[in-house]
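Next comes work28.cif, with mmCIF, C-alpha atoms.
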```cif
data_model
loop_
_atom_site.label_atom_id
_atom_site.label_comp_id
_atom_site.auth_asym_id
_atom_site.auth_seq_id
_atom_site.Cartn_x
_atom_site.Cartn_y
_atom_site.Cartn_z
CA MET A 776 -2.05 -0.94 -25.28
CA GLU A 777 -3.42 -4.34 -24.29
CA TYR A 778 -0.61 -4.86 -21.77
CA GLY A 779 -0.70 -1.32 -20.37
CA TYR A 780 -3.29 -1.99 -17.69
CA LEU A 781 -1.66 -5.29 -16.70
CA THR A 782 1.75 -3.63 -16.52
CA LEU A 783 0.35 -0.86 -14.34
CA PHE A 784 -1.38 -3.37 -12.04
CA THR A 785 1.82 -5.39 -11.67
CA THR A 786 3.96 -2.32 -11.09
CA ALA A 787 1.52 -0.95 -8.50
CA PHE A 788 1.32 -4.33 -6.76
CA LEU A 789 5.09 -4.69 -6.56
CA ALA A 790 5.52 -1.07 -5.44
CA ALA A 791 3.46 -1.84 -2.33
CA THR A 792 5.74 -4.71 -1.33
CA ILE A 793 9.39 -4.47 -0.34
CA ILE A 794 10.41 -4.63 -4.00
CA PRO A 795 11.41 -1.13 -5.14
CA PHE A 796 9.12 -0.03 -7.97
CA SER A 797 7.53 3.29 -8.83
CA SER A 798 3.94 2.96 -9.87
CA GLU A 799 3.59 6.73 -10.20
CA ILE A 800 5.92 6.78 -13.20
CA ALA A 801 3.94 4.05 -14.96
CA LEU A 802 0.64 5.75 -14.16
CA SER A 803 1.92 9.13 -15.36
CA ALA A 804 3.18 7.68 -18.63
CA LEU A 805 0.01 5.70 -19.35
CA SER A 806 -2.30 8.57 -18.43
CA THR A 807 -0.73 10.70 -21.15
CA ALA A 808 -0.68 7.92 -23.74
CA GLN A 809 -3.38 7.54 -26.39
CA GLY A 810 -6.21 5.08 -25.78
CA PHE A 811 -6.12 4.73 -21.99
CA ASP A 812 -9.02 5.70 -19.76
CA ILE A 813 -7.65 7.82 -16.91
CA TRP A 814 -10.22 6.64 -14.36
CA LEU A 815 -9.65 3.02 -15.24
CA LEU A 816 -5.90 3.58 -14.81
CA VAL A 817 -6.53 5.04 -11.34
CA ILE A 818 -8.73 2.06 -10.42
CA VAL A 819 -6.18 -0.46 -11.72
CA ALA A 820 -3.28 1.24 -9.91
CA THR A 821 -5.28 1.55 -6.68
CA THR A 822 -6.35 -2.09 -6.83
CA GLY A 823 -2.84 -3.37 -7.51
CA ASN A 824 -1.25 -1.20 -4.84
CA THR A 825 -3.91 -2.07 -2.27
CA LEU A 826 -3.48 -5.79 -2.95
CA GLY A 827 0.28 -5.37 -2.56
CA SER A 828 -0.30 -3.83 0.87
CA THR A 829 -2.50 -6.78 1.82
CA VAL A 830 0.52 -9.01 1.28
CA ASN A 831 2.33 -6.99 3.95
CA TRP A 832 -0.73 -7.24 6.23
CA TRP A 833 -0.89 -11.03 5.79
CA LEU A 834 2.86 -11.33 6.44
CA GLY A 835 2.40 -9.41 9.67
CA ARG A 836 -0.59 -11.49 10.63
CA TYR A 837 1.07 -14.82 9.87
CA CYS A 838 4.34 -13.75 11.45
CA LEU A 839 2.69 -13.75 14.89
CA HIS A 840 2.83 -17.53 14.90
CA TRP A 841 6.56 -17.28 15.56
CA ARG A 842 6.69 -14.34 17.99
CA ASP A 843 7.87 -16.53 20.87
CA ARG A 844 10.86 -17.79 18.90
CA ARG A 845 14.30 -16.33 19.59
CA TRP A 846 14.88 -15.46 15.92
CA PHE A 847 11.58 -13.56 15.56
CA PRO A 848 12.46 -10.15 14.02
CA MET A 849 10.49 -8.12 16.57
CA LYS A 850 11.42 -8.60 20.19
CA PRO A 851 8.60 -8.17 22.74
CA ALA A 852 9.78 -4.65 23.67
CA LYS A 853 9.89 -3.56 20.04
CA LEU A 854 6.48 -5.09 19.39
CA ALA A 855 5.10 -3.25 22.43
CA ARG A 856 6.61 0.02 21.16
CA ALA A 857 5.14 -0.52 17.68
CA THR A 858 1.77 -1.30 19.26
CA LYS A 859 1.92 1.88 21.34
CA GLN A 860 2.86 4.00 18.29
CA PHE A 861 0.14 2.48 16.15
CA ASN A 862 -2.45 2.91 18.89
CA ARG A 863 -1.32 6.52 19.38
CA TYR A 864 -2.19 7.42 15.79
CA GLY A 865 -4.87 4.78 15.37
CA ILE A 866 -6.15 2.98 12.34
CA TRP A 867 -6.49 6.29 10.50
CA SER A 868 -2.73 6.18 10.00
CA LEU A 869 -3.46 3.46 7.42
CA LEU A 870 -4.52 6.25 5.07
CA LEU A 871 -0.77 6.95 4.85
CA THR A 872 0.33 3.51 3.64
CA TRP A 873 1.10 5.09 0.26
CA ILE A 874 4.09 6.98 1.71
CA PRO A 875 7.39 5.41 0.66
CA ILE A 876 9.40 3.71 3.43
CA VAL A 877 6.60 4.29 5.99
CA GLY A 878 3.74 2.52 4.22
CA ASP A 879 5.05 -1.02 4.10
CA PRO A 880 5.84 -1.19 7.84
CA LEU A 881 2.44 0.38 8.61
CA ALA A 882 0.69 -2.40 6.72
CA PHE A 883 2.88 -5.05 8.36
CA VAL A 884 2.23 -3.71 11.87
CA ALA A 885 -1.50 -3.52 11.15
CA GLY A 886 -1.37 -7.24 10.41
CA LEU A 887 0.71 -7.93 13.50
CA LEU A 888 -1.76 -6.04 15.67
CA GLY A 889 -4.78 -7.75 14.15
CA VAL A 890 -6.47 -4.78 12.53
CA ARG A 891 -9.63 -6.13 10.92
CA PHE A 892 -8.89 -6.94 7.31
CA THR A 893 -11.96 -5.17 5.90
CA ILE A 894 -11.16 -1.93 7.73
CA PHE A 895 -7.53 -2.24 6.67
CA VAL A 896 -8.43 -2.66 3.00
CA MET A 897 -10.92 0.21 3.00
CA LEU A 898 -8.54 2.72 4.61
CA VAL A 899 -5.57 1.66 2.52
CA ALA A 900 -7.59 1.83 -0.70
CA VAL A 901 -8.87 5.32 0.09
CA GLY A 902 -5.37 6.63 0.80
CA LYS A 903 -3.88 5.03 -2.28
CA ALA A 904 -6.73 6.18 -4.54
CA ALA A 905 -6.30 9.76 -3.31
CA ARG A 906 -2.60 9.57 -4.10
CA TYR A 907 -3.17 8.24 -7.63
CA ILE A 908 -5.86 10.83 -8.32
CA ALA A 909 -3.41 13.52 -7.23
CA VAL A 910 -0.70 12.08 -9.51
CA VAL A 911 -3.02 12.09 -12.54
CA ALA A 912 -4.26 15.58 -11.67
CA LEU A 913 -0.70 16.89 -11.45
CA VAL A 914 0.31 15.24 -14.71
CA HIS A 915 -2.66 16.79 -16.46
CA GLN A 916 -2.28 20.06 -14.53
CA ILE A 917 -5.79 19.93 -13.16
CA PHE A 918 -4.83 21.55 -9.87
#
```
Please re-express this file's structure in structure tokens.
Amino acid sequence: MEYGYLTLFTTAFLAATIIPFSSEIALSALSTAQGFDIWLLVIVATTGNTLGSTVNWWLGRYCLHWRDRRWFPMKPAKLARATKQFNRYGIWSLLLTWIPIVGDPLAFVAGLLGVRFTIFVMLVAVGKAARYIAVVALVHQIF
């Protein structure tokens, strides 16, 4: 039991990066195990997953230093298109960073576009917490 929370944190953190992990499986298993506080599990998973997304934000933010280089992964036209898409849906789209495949690029682009870090963290945390609450509720058939 002593490593359960740490394992969940690590799994949730890694799941928010480009490393393929499923934090929902770990959360589901631990939430049905004896001795774990469900709300603490949700908080740990949300914290780990949100911090993982901040890595993507920081990568996007730092990556701008090289945007004028030929090898930069986003050409000016692609960066302009990403900016237009992000601005179309706005910062509220960060509530969806929990969605597989879509979430990591959203966090990266938010960093590229200079979304304020505090706003980024708040929106990402709310979206991820809602997802983890829904997972626990489904596992325990609360809905």
Mind telling me what the PyMOL selection byres ((chain A and resi 799) around 10) catches here, as a PDB file with C-alpha atoms, in the frame of the given file?
```pdb
ATOM      1  CA  LEU A 783       0.350  -0.860 -14.340  1.00  0.00           C
ATOM      2  CA  THR A 786       3.960  -2.320 -11.090  1.00  0.00           C
ATOM      3  CA  ALA A 787       1.520  -0.950  -8.500  1.00  0.00           C
ATOM      4  CA  ALA A 790       5.520  -1.070  -5.440  1.00  0.00           C
ATOM      5  CA  PHE A 796       9.120  -0.030  -7.970  1.00  0.00           C
ATOM      6  CA  SER A 797       7.530   3.290  -8.830  1.00  0.00           C
ATOM      7  CA  SER A 798       3.940   2.960  -9.870  1.00  0.00           C
ATOM      8  CA  ILE A 800       5.920   6.780 -13.200  1.00  0.00           C
ATOM      9  CA  ALA A 801       3.940   4.050 -14.960  1.00  0.00           C
ATOM     10  CA  LEU A 802       0.640   5.750 -14.160  1.00  0.00           C
ATOM     11  CA  SER A 803       1.920   9.130 -15.360  1.00  0.00           C
ATOM     12  CA  ALA A 804       3.180   7.680 -18.630  1.00  0.00           C
ATOM     13  CA  LEU A 805       0.010   5.700 -19.350  1.00  0.00           C
ATOM     14  CA  ALA A 820      -3.280   1.240  -9.910  1.00  0.00           C
ATOM     15  CA  ARG A 906      -2.600   9.570  -4.100  1.00  0.00           C
ATOM     16  CA  TYR A 907      -3.170   8.240  -7.630  1.00  0.00           C
ATOM     17  CA  VAL A 910      -0.700  12.080  -9.510  1.00  0.00           C
ATOM     18  CA  VAL A 911      -3.020  12.090 -12.540  1.00  0.00           C
TER      19      VAL A 911
END
```
Of the candidates A:Trp832, A:Phe811, A:Tyr780, A:Tyr837, which one gets nearest to Gly878 (chain A) if we count all atoms listed in the file?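 So, comparing all the options, the nearest one is A:Trp832.
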Report as a PDB file with C-alpha atoms, in the coordinates of the input the residues that result from applying the PyMOL selection byres ((chain A and resi 902) around 10) to the structure here.
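Contents of the output file part_29.pdb:
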```pdb
ATOM      1  CA  THR A 821      -5.280   1.550  -6.680  1.00  0.00           C
ATOM      2  CA  THR A 825      -3.910  -2.070  -2.270  1.00  0.00           C
ATOM      3  CA  TRP A 867      -6.490   6.290  10.500  1.00  0.00           C
ATOM      4  CA  SER A 868      -2.730   6.180  10.000  1.00  0.00           C
ATOM      5  CA  LEU A 869      -3.460   3.460   7.420  1.00  0.00           C
ATOM      6  CA  LEU A 870      -4.520   6.250   5.070  1.00  0.00           C
ATOM      7  CA  LEU A 871      -0.770   6.950   4.850  1.00  0.00           C
ATOM      8  CA  THR A 872       0.330   3.510   3.640  1.00  0.00           C
ATOM      9  CA  TRP A 873       1.100   5.090   0.260  1.00  0.00           C
ATOM     10  CA  ILE A 874       4.090   6.980   1.710  1.00  0.00           C
ATOM     11  CA  MET A 897     -10.920   0.210   3.000  1.00  0.00           C
ATOM     12  CA  LEU A 898      -8.540   2.720   4.610  1.00  0.00           C
ATOM     13  CA  VAL A 899      -5.570   1.660   2.520  1.00  0.00           C
ATOM     14  CA  ALA A 900      -7.590   1.830  -0.700  1.00  0.00           C
ATOM     15  CA  VAL A 901      -8.870   5.320   0.090  1.00  0.00           C
ATOM     16  CA  LYS A 903      -3.880   5.030  -2.280  1.00  0.00           C
ATOM     17  CA  ALA A 904      -6.730   6.180  -4.540  1.00  0.00           C
ATOM     18  CA  ALA A 905      -6.300   9.760  -3.310  1.00  0.00           C
ATOM     19  CA  ARG A 906      -2.600   9.570  -4.100  1.00  0.00           C
ATOM     20  CA  TYR A 907      -3.170   8.240  -7.630  1.00  0.00           C
TER      21      TYR A 907
END
```
List as an mmCIF file with C-alpha atoms, in the coordinates of the input the protein and nucleic acid residues near Phe892 (chain A), meaning an atom at most 10 Å away when only C-alpha atoms are counted, but skip any in the same chain fewer than 4 places from it.
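Saved the output as around_10.cif:
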```cif
data_model
loop_
_atom_site.group_PDB
_atom_site.id
_atom_site.type_symbol
_atom_site.label_atom_id
_atom_site.label_comp_id
_atom_site.auth_asym_id
_atom_site.auth_seq_id
_atom_site.Cartn_x
_atom_site.Cartn_y
_atom_site.Cartn_z
ATOM 1 C CA THR A 829 -2.500 -6.780 1.820
ATOM 2 C CA TRP A 832 -0.730 -7.240 6.230
ATOM 3 C CA TRP A 833 -0.890 -11.030 5.790
ATOM 4 C CA ALA A 885 -1.500 -3.520 11.150
ATOM 5 C CA GLY A 886 -1.370 -7.240 10.410
ATOM 6 C CA VAL A 896 -8.430 -2.660 3.000
ATOM 7 C CA MET A 897 -10.920 0.210 3.000
#
```
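Shortest separation to Leu826 (chain A) among A:Leu887, A:Ala882, A:Ile866, A:Leu839 occurs at residue A:Ala882, atoms counted being only C-alpha atoms.
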Q.
Which residue is closest to Phe861 (chain A)? Choose from A:Val914, A:Cys838, A:Ile876, A:Val890 and count all atoms listed in the file.
A.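 The closest residue to Phe861 (chain A) is A:Val890.
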